[in-house]
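Novice: Questions regarding the structure given below will be posed in turn.
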Amino acid sequence: AQRVTQPEKLLSVFKGAPVELKCNYSYSGSPELFWYVQYSRQRLQLLLRHISRESIKGFTADLNKGETSFHLKKPFAQEEDSAMYYCALRGVNAGNMLTFGGGTRLMVKP
Amino acid sequence: DGGITQSPKYLFRKEGQNVTLSCEQNLNHDAMYWYRQDPGQGLRLIYYSQIVNDFQKGDIAEGYSVSREKKESFPLTVTSAQKNPTAFYLCASSMTGGAGELFFGEGSRLTVL
């Protein structure tokens, strides 16, 4: 079975500080990993995917297959980054459906 | 304005009653999904449909039912058999089944009294 774990329910940092939201997964094959974000009063939306290897809003995430992790990082947090972040995995199981982690709420304090 | 529309946003139900949540999309997406969102548990897949007139159970389908008679619509019925129905329900769609990018609705909050 595939599983996604986000160990921190809440992460609080000051503006300008580095931020790392942790995501660990369990899956026997080669998964695709994603980060979704939900800002206050907005819909859940895709932030980035590992296959794109892109930086979105200053965030990056590297898939580490050895550690089965896909941590989301940003060197300098901004207040507008405050949101709920979900890590998600898409395996090659039947249906290829996304499995989401429990989510981490990021609060960036001024 | 393209997107996914869920209704109602808030719904109250007495125990023993069935209730249907609506989900409509005008994105011309083939696949649609229903997730349940509980604090600390993330999103859990209830049902999904990759094409009209076909749908599959997700991880927590017990006590729920769906239909997919039209491409644009994927209603979810929460039956009286669902033991803990109070939750936030999210509908999503994607271009194809199993895609990584899902487009979500604003959600429906169901409270059982």
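Residues in the structure tokens are numbered from 1 in each chain, the chains being A, B, ... in the order shown, and ligands are numbered from 1 in the order shown.
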Please tabulate, as a tab-separated table, the residues of chain B that come within 10 Å of chain A, each with its closest pair of atoms and the distance in Å to one decimal, counting only C-alpha atoms and ordering rows by chain, then residue number upward.
Specialist:
```
residue	atom	partner	partner_atom	distance
B:Tyr33	CA	A:Met97	CA	9.4
B:Gln37	CA	A:Gly102	CA	9.2
B:Asp38	CA	A:Gly102	CA	8.7
B:Pro39	CA	A:Gly102	CA	7.8
B:Gly40	CA	A:Gly102	CA	5.1
B:Gln41	CA	A:Gly102	CA	4.4
B:Gly42	CA	A:Gly102	CA	3.7
B:Leu43	CA	A:Phe100	CA	5.7
B:Arg44	CA	A:Phe100	CA	7.1
B:Leu45	CA	A:Thr99	CA	7.8
B:Tyr48	CA	A:Met97	CA	8.7
B:Ser49	CA	A:Gly95	CA	9.7
B:Gln50	CA	A:Gly95	CA	8.6
B:Gln56	CA	A:Gly95	CA	8.7
B:Gly58	CA	A:Met97	CA	8.7
B:Asp59	CA	A:Thr99	CA	9.6
B:Leu90	CA	A:Leu44	CA	9.2
B:Ala92	CA	A:Leu44	CA	9.6
B:Gly97	CA	A:Gly95	CA	7.2
B:Gly98	CA	A:Asn96	CA	4.5
B:Ala99	CA	A:Asn96	CA	7.6
B:Gly100	CA	A:Arg90	CA	6.8
B:Glu101	CA	A:Leu46	CA	6.4
B:Leu102	CA	A:Leu46	CA	7.3
B:Phe103	CA	A:Gln45	CA	6.6
B:Phe104	CA	A:Leu44	CA	6.0
B:Gly105	CA	A:Arg43	CA	6.5
B:Glu106	CA	A:Arg43	CA	5.5
B:Gly107	CA	A:Arg43	CA	8.3
```
Novice: Create the file for the chosen residues now, containing C-alpha atoms and written as a short mmCIF file (atom, residue, chain, number, x, y, z; two decimals), in the first residue's frame.
Specialist:
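Printed below is result28.cif as written:
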```cif
data_model
loop_
_atom_site.label_atom_id
_atom_site.label_comp_id
_atom_site.auth_asym_id
_atom_site.auth_seq_id
_atom_site.Cartn_x
_atom_site.Cartn_y
_atom_site.Cartn_z
CA TYR B 33 -13.20 12.44 -7.72
CA GLN B 37 -11.10 15.97 4.43
CA ASP B 38 -10.77 15.52 8.19
CA PRO B 39 -8.37 17.45 10.44
CA GLY B 40 -5.01 15.73 10.68
CA GLN B 41 -5.98 13.01 8.23
CA GLY B 42 -5.56 14.85 4.99
CA LEU B 43 -7.70 13.92 2.03
CA ARG B 44 -9.06 10.42 1.68
CA LEU B 45 -10.51 9.16 -1.58
CA TYR B 48 -13.66 8.27 -8.50
CA SER B 49 -14.84 8.11 -12.07
CA GLN B 50 -12.55 8.03 -15.07
CA GLN B 56 -14.72 2.95 -8.78
CA GLY B 58 -11.75 4.61 -3.27
CA ASP B 59 -10.27 3.94 0.14
CA LEU B 90 -14.06 17.98 -1.73
CA ALA B 92 -12.07 17.34 -7.96
CA GLY B 97 -7.97 9.44 -14.92
CA GLY B 98 -4.94 9.10 -12.70
CA ALA B 99 -3.53 12.51 -13.59
CA GLY B 100 -1.35 14.22 -11.07
CA GLU B 101 -2.98 17.62 -11.36
CA LEU B 102 -6.41 17.77 -9.84
CA PHE B 103 -8.68 20.79 -9.91
CA PHE B 104 -10.73 21.15 -6.76
CA GLY B 105 -14.05 22.66 -5.85
CA GLU B 106 -14.58 24.86 -2.82
CA GLY B 107 -15.97 22.02 -0.77
#
```
Novice: Tell me, as a list in words, which residues lie within 7 Å of Phe76 (chain A), counting only C-alpha atoms; anything in the same chain fewer than 3 positions away does not count.
Specialist: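 Listing them by chain and then by number gives Gly16, Ala17 and Pro18 of chain A.
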Novice: Write a file of the selected residues as a PDB file, in the first residue's frame, keeping C-alpha atoms.
Specialist:
```pdb
ATOM      1  CA  GLY A  16      12.684  35.724   6.164  1.00  0.00           C
ATOM      2  CA  ALA A  17      13.578  32.461   7.870  1.00  0.00           C
ATOM      3  CA  PRO A  18      14.122  29.260   5.899  1.00  0.00           C
TER       4      PRO A  18
END
```
Novice: Using DSSP on the backbone coordinates, identify the residues of region 18-83 of chain B assigned to strand (DSSP E or B); present them as number ranges by chain.
Specialist: B: 19-25, 31-38, 42-51, 54-57, 64-66, 70, 73, 76-78
Novice: Next, the residues of the selection above should be written as a CSV table (one decimal), in the first residue's frame with N, CA, C and O atoms.
Specialist:
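Result file is again-v2.csv:
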```
chain,number,residue,atom,x,y,z
B,19,VAL,N,-28.2,12.2,2.2
B,19,VAL,CA,-28.1,13.6,1.6
B,19,VAL,C,-27.2,13.5,0.4
B,19,VAL,O,-26.2,12.7,0.4
B,20,THR,N,-27.5,14.3,-0.6
B,20,THR,CA,-26.7,14.3,-1.8
B,20,THR,C,-26.0,15.6,-2.0
B,20,THR,O,-26.6,16.7,-1.9
B,21,LEU,N,-24.7,15.5,-2.3
B,21,LEU,CA,-23.8,16.7,-2.5
B,21,LEU,C,-23.6,16.8,-4.0
B,21,LEU,O,-23.3,15.8,-4.7
B,22,SER,N,-23.7,18.0,-4.5
B,22,SER,CA,-23.6,18.2,-6.0
B,22,SER,C,-22.2,18.6,-6.4
B,22,SER,O,-21.5,19.3,-5.6
B,23,CYS,N,-21.7,18.1,-7.5
B,23,CYS,CA,-20.5,18.5,-8.1
B,23,CYS,C,-20.6,18.7,-9.6
B,23,CYS,O,-20.9,17.7,-10.3
B,24,GLU,N,-20.4,19.8,-10.1
B,24,GLU,CA,-20.5,20.1,-11.6
B,24,GLU,C,-19.2,20.7,-12.0
B,24,GLU,O,-18.6,21.6,-11.4
B,25,GLN,N,-18.7,20.3,-13.2
B,25,GLN,CA,-17.5,20.9,-13.8
B,25,GLN,C,-17.7,21.2,-15.3
B,25,GLN,O,-18.4,20.5,-16.0
B,31,ALA,N,-12.2,12.8,-15.9
B,31,ALA,CA,-12.2,12.1,-14.6
B,31,ALA,C,-12.7,13.1,-13.5
B,31,ALA,O,-12.4,14.3,-13.5
B,32,MET,N,-13.4,12.5,-12.5
B,32,MET,CA,-13.9,13.2,-11.4
B,32,MET,C,-13.7,12.4,-10.1
B,32,MET,O,-13.7,11.2,-10.2
B,33,TYR,N,-13.6,13.1,-9.0
B,33,TYR,CA,-13.2,12.4,-7.7
B,33,TYR,C,-14.0,13.1,-6.6
B,33,TYR,O,-14.3,14.3,-6.6
B,34,TRP,N,-14.2,12.3,-5.5
B,34,TRP,CA,-14.7,12.8,-4.3
B,34,TRP,C,-13.7,12.4,-3.2
B,34,TRP,O,-13.3,11.2,-3.0
B,35,TYR,N,-13.3,13.4,-2.4
B,35,TYR,CA,-12.4,13.2,-1.2
B,35,TYR,C,-13.1,13.7,0.0
B,35,TYR,O,-13.9,14.6,0.0
B,36,ARG,N,-12.7,13.1,1.1
B,36,ARG,CA,-13.2,13.5,2.4
B,36,ARG,C,-12.0,14.1,3.1
B,36,ARG,O,-10.9,13.5,3.1
B,37,GLN,N,-12.2,15.3,3.7
B,37,GLN,CA,-11.1,16.0,4.4
B,37,GLN,C,-11.4,16.1,5.9
B,37,GLN,O,-12.4,16.7,6.3
B,38,ASP,N,-10.6,15.4,6.7
B,38,ASP,CA,-10.8,15.5,8.2
B,38,ASP,C,-9.5,16.1,8.8
B,38,ASP,O,-8.4,15.8,8.3
B,42,GLY,N,-5.7,14.5,6.4
B,42,GLY,CA,-5.6,14.9,5.0
B,42,GLY,C,-6.8,14.6,4.2
B,42,GLY,O,-7.9,14.6,4.7
B,43,LEU,N,-6.6,14.2,2.9
B,43,LEU,CA,-7.7,13.9,2.0
B,43,LEU,C,-7.7,12.4,1.8
B,43,LEU,O,-6.7,11.8,1.5
B,44,ARG,N,-8.9,11.8,1.9
B,44,ARG,CA,-9.1,10.4,1.7
B,44,ARG,C,-10.1,10.2,0.5
B,44,ARG,O,-11.1,10.8,0.6
B,45,LEU,N,-9.7,9.4,-0.4
B,45,LEU,CA,-10.5,9.2,-1.6
B,45,LEU,C,-11.7,8.3,-1.3
B,45,LEU,O,-11.6,7.2,-0.8
B,46,ILE,N,-12.9,8.8,-1.7
B,46,ILE,CA,-14.2,8.1,-1.5
B,46,ILE,C,-14.5,7.3,-2.7
B,46,ILE,O,-14.7,6.1,-2.7
B,47,TYR,N,-14.7,8.0,-3.8
B,47,TYR,CA,-15.0,7.4,-5.1
B,47,TYR,C,-14.3,8.2,-6.2
B,47,TYR,O,-14.0,9.4,-6.0
B,48,TYR,N,-14.1,7.5,-7.3
B,48,TYR,CA,-13.7,8.3,-8.5
B,48,TYR,C,-14.3,7.7,-9.8
B,48,TYR,O,-14.7,6.5,-9.8
B,49,SER,N,-14.3,8.5,-10.8
B,49,SER,CA,-14.8,8.1,-12.1
B,49,SER,C,-13.9,8.6,-13.2
B,49,SER,O,-13.6,9.8,-13.2
B,50,GLN,N,-13.5,7.7,-14.0
B,50,GLN,CA,-12.5,8.0,-15.1
B,50,GLN,C,-13.3,8.3,-16.4
B,50,GLN,O,-12.7,8.8,-17.3
B,51,ILE,N,-14.5,7.9,-16.4
B,51,ILE,CA,-15.3,8.1,-17.7
B,51,ILE,C,-16.8,8.0,-17.3
B,51,ILE,O,-17.2,7.4,-16.3
B,54,ASP,N,-19.1,5.1,-15.5
B,54,ASP,CA,-18.2,4.2,-14.8
B,54,ASP,C,-17.6,4.9,-13.6
B,54,ASP,O,-17.3,6.1,-13.7
B,55,PHE,N,-17.5,4.2,-12.5
B,55,PHE,CA,-16.9,4.7,-11.3
B,55,PHE,C,-16.4,3.6,-10.4
B,55,PHE,O,-16.8,2.4,-10.6
B,56,GLN,N,-15.4,3.9,-9.6
B,56,GLN,CA,-14.7,3.0,-8.8
B,56,GLN,C,-14.7,3.4,-7.3
B,56,GLN,O,-14.6,4.6,-7.0
B,57,LYS,N,-14.7,2.5,-6.4
B,57,LYS,CA,-14.5,2.8,-5.0
B,57,LYS,C,-13.1,3.2,-4.7
B,57,LYS,O,-12.1,2.7,-5.2
B,64,TYR,N,-21.3,5.5,1.2
B,64,TYR,CA,-21.4,6.5,0.2
B,64,TYR,C,-21.8,5.8,-1.1
B,64,TYR,O,-21.6,4.7,-1.3
B,65,SER,N,-22.4,6.6,-2.0
B,65,SER,CA,-22.7,6.2,-3.3
B,65,SER,C,-22.6,7.3,-4.3
B,65,SER,O,-22.7,8.5,-3.9
B,66,VAL,N,-22.3,7.0,-5.6
B,66,VAL,CA,-22.2,8.0,-6.6
B,66,VAL,C,-22.8,7.6,-7.9
B,66,VAL,O,-23.2,6.4,-8.0
B,70,LYS,N,-23.6,12.0,-16.5
B,70,LYS,CA,-23.1,13.0,-17.5
B,70,LYS,C,-21.6,13.3,-17.2
B,70,LYS,O,-21.2,13.2,-16.0
B,73,SER,N,-21.1,16.0,-14.4
B,73,SER,CA,-21.7,15.9,-13.0
B,73,SER,C,-21.3,14.6,-12.3
B,73,SER,O,-21.3,13.5,-13.0
B,76,LEU,N,-22.5,13.0,-5.1
B,76,LEU,CA,-22.2,12.1,-4.0
B,76,LEU,C,-23.3,12.0,-3.0
B,76,LEU,O,-23.8,13.0,-2.5
B,77,THR,N,-23.8,10.8,-2.7
B,77,THR,CA,-24.8,10.6,-1.7
B,77,THR,C,-24.2,10.0,-0.5
B,77,THR,O,-23.5,9.0,-0.5
B,78,VAL,N,-24.4,10.7,0.6
B,78,VAL,CA,-24.0,10.2,1.9
B,78,VAL,C,-25.2,9.5,2.6
B,78,VAL,O,-26.2,10.1,2.9
```
Novice: Using only C-alpha atoms, which of the listed residues (A:Arg53, A:Lys65, A:Lys109, A:His71) sits closest to Phe14 (chain A)?
Specialist: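 Nearest to Phe14 (chain A): A:Lys109.
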Novice: A:Ser30, A:Leu11, A:Glu20, A:His50: which is nearest Pro75 (chain A), counting only C-alpha atoms?
Specialist: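 So, comparing all the options, the nearest one is A:Glu20.
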Novice: Could you pull the residues within 8 Å of Glu15 (chain B), counting only C-alpha atoms, minus those fewer than 2 positions along the same chain, as number ranges by chain?
Specialist: B: 13, 17, 80, 112-113
Novice: Write the residues of the preceding selection, restricted to N, CA, C and O atoms, as a tab-separated table (two decimals), in the first residue's frame.
Specialist:
```
chain	number	residue	atom	x	y	z
B	13	ARG	N	-27.82	17.69	8.52
B	13	ARG	CA	-28.66	16.51	8.30
B	13	ARG	C	-28.95	15.84	9.63
B	13	ARG	O	-28.08	15.84	10.53
B	17	GLN	N	-30.86	10.15	7.80
B	17	GLN	CA	-31.24	10.73	6.50
B	17	GLN	C	-30.11	10.60	5.50
B	17	GLN	O	-28.94	10.74	5.85
B	80	SER	N	-27.33	6.86	5.21
B	80	SER	CA	-27.46	6.68	6.66
B	80	SER	C	-26.52	5.60	7.17
B	80	SER	O	-26.29	5.48	8.37
B	112	VAL	N	-23.89	16.41	10.74
B	112	VAL	CA	-25.02	15.56	11.14
B	112	VAL	C	-25.39	15.89	12.58
B	112	VAL	O	-24.56	15.83	13.48
B	113	LEU	N	-26.66	16.22	12.77
B	113	LEU	CA	-27.13	16.64	14.08
B	113	LEU	C	-27.65	15.46	14.89
B	113	LEU	O	-28.13	14.48	14.32
```
Novice: To one decimal place in Å, what is the distance between CA of Ser108 (chain B) and CA of Ser12 (chain A)?
Specialist: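 Computing it gives 28.2 Å between the two atoms.
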Novice: Could you tell me how far CA of Leu10 (chain A) lies from CA of Asn64 (chain A), in Å and to one decimal?
Specialist: 22.9 Å
Novice: Quick one: of A:Cys23, A:Val13, A:Met107, A:Met84, who's nearest to Leu63 (chain A), counting only C-alpha atoms?
Specialist: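 So, comparing all the options, the nearest one is A:Cys23.
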Novice: Rounded to one decimal, what separation in Å do you get between CA of Phe88 (chain B) and CA of Val108 (chain A)?
Specialist: 25.3 Å
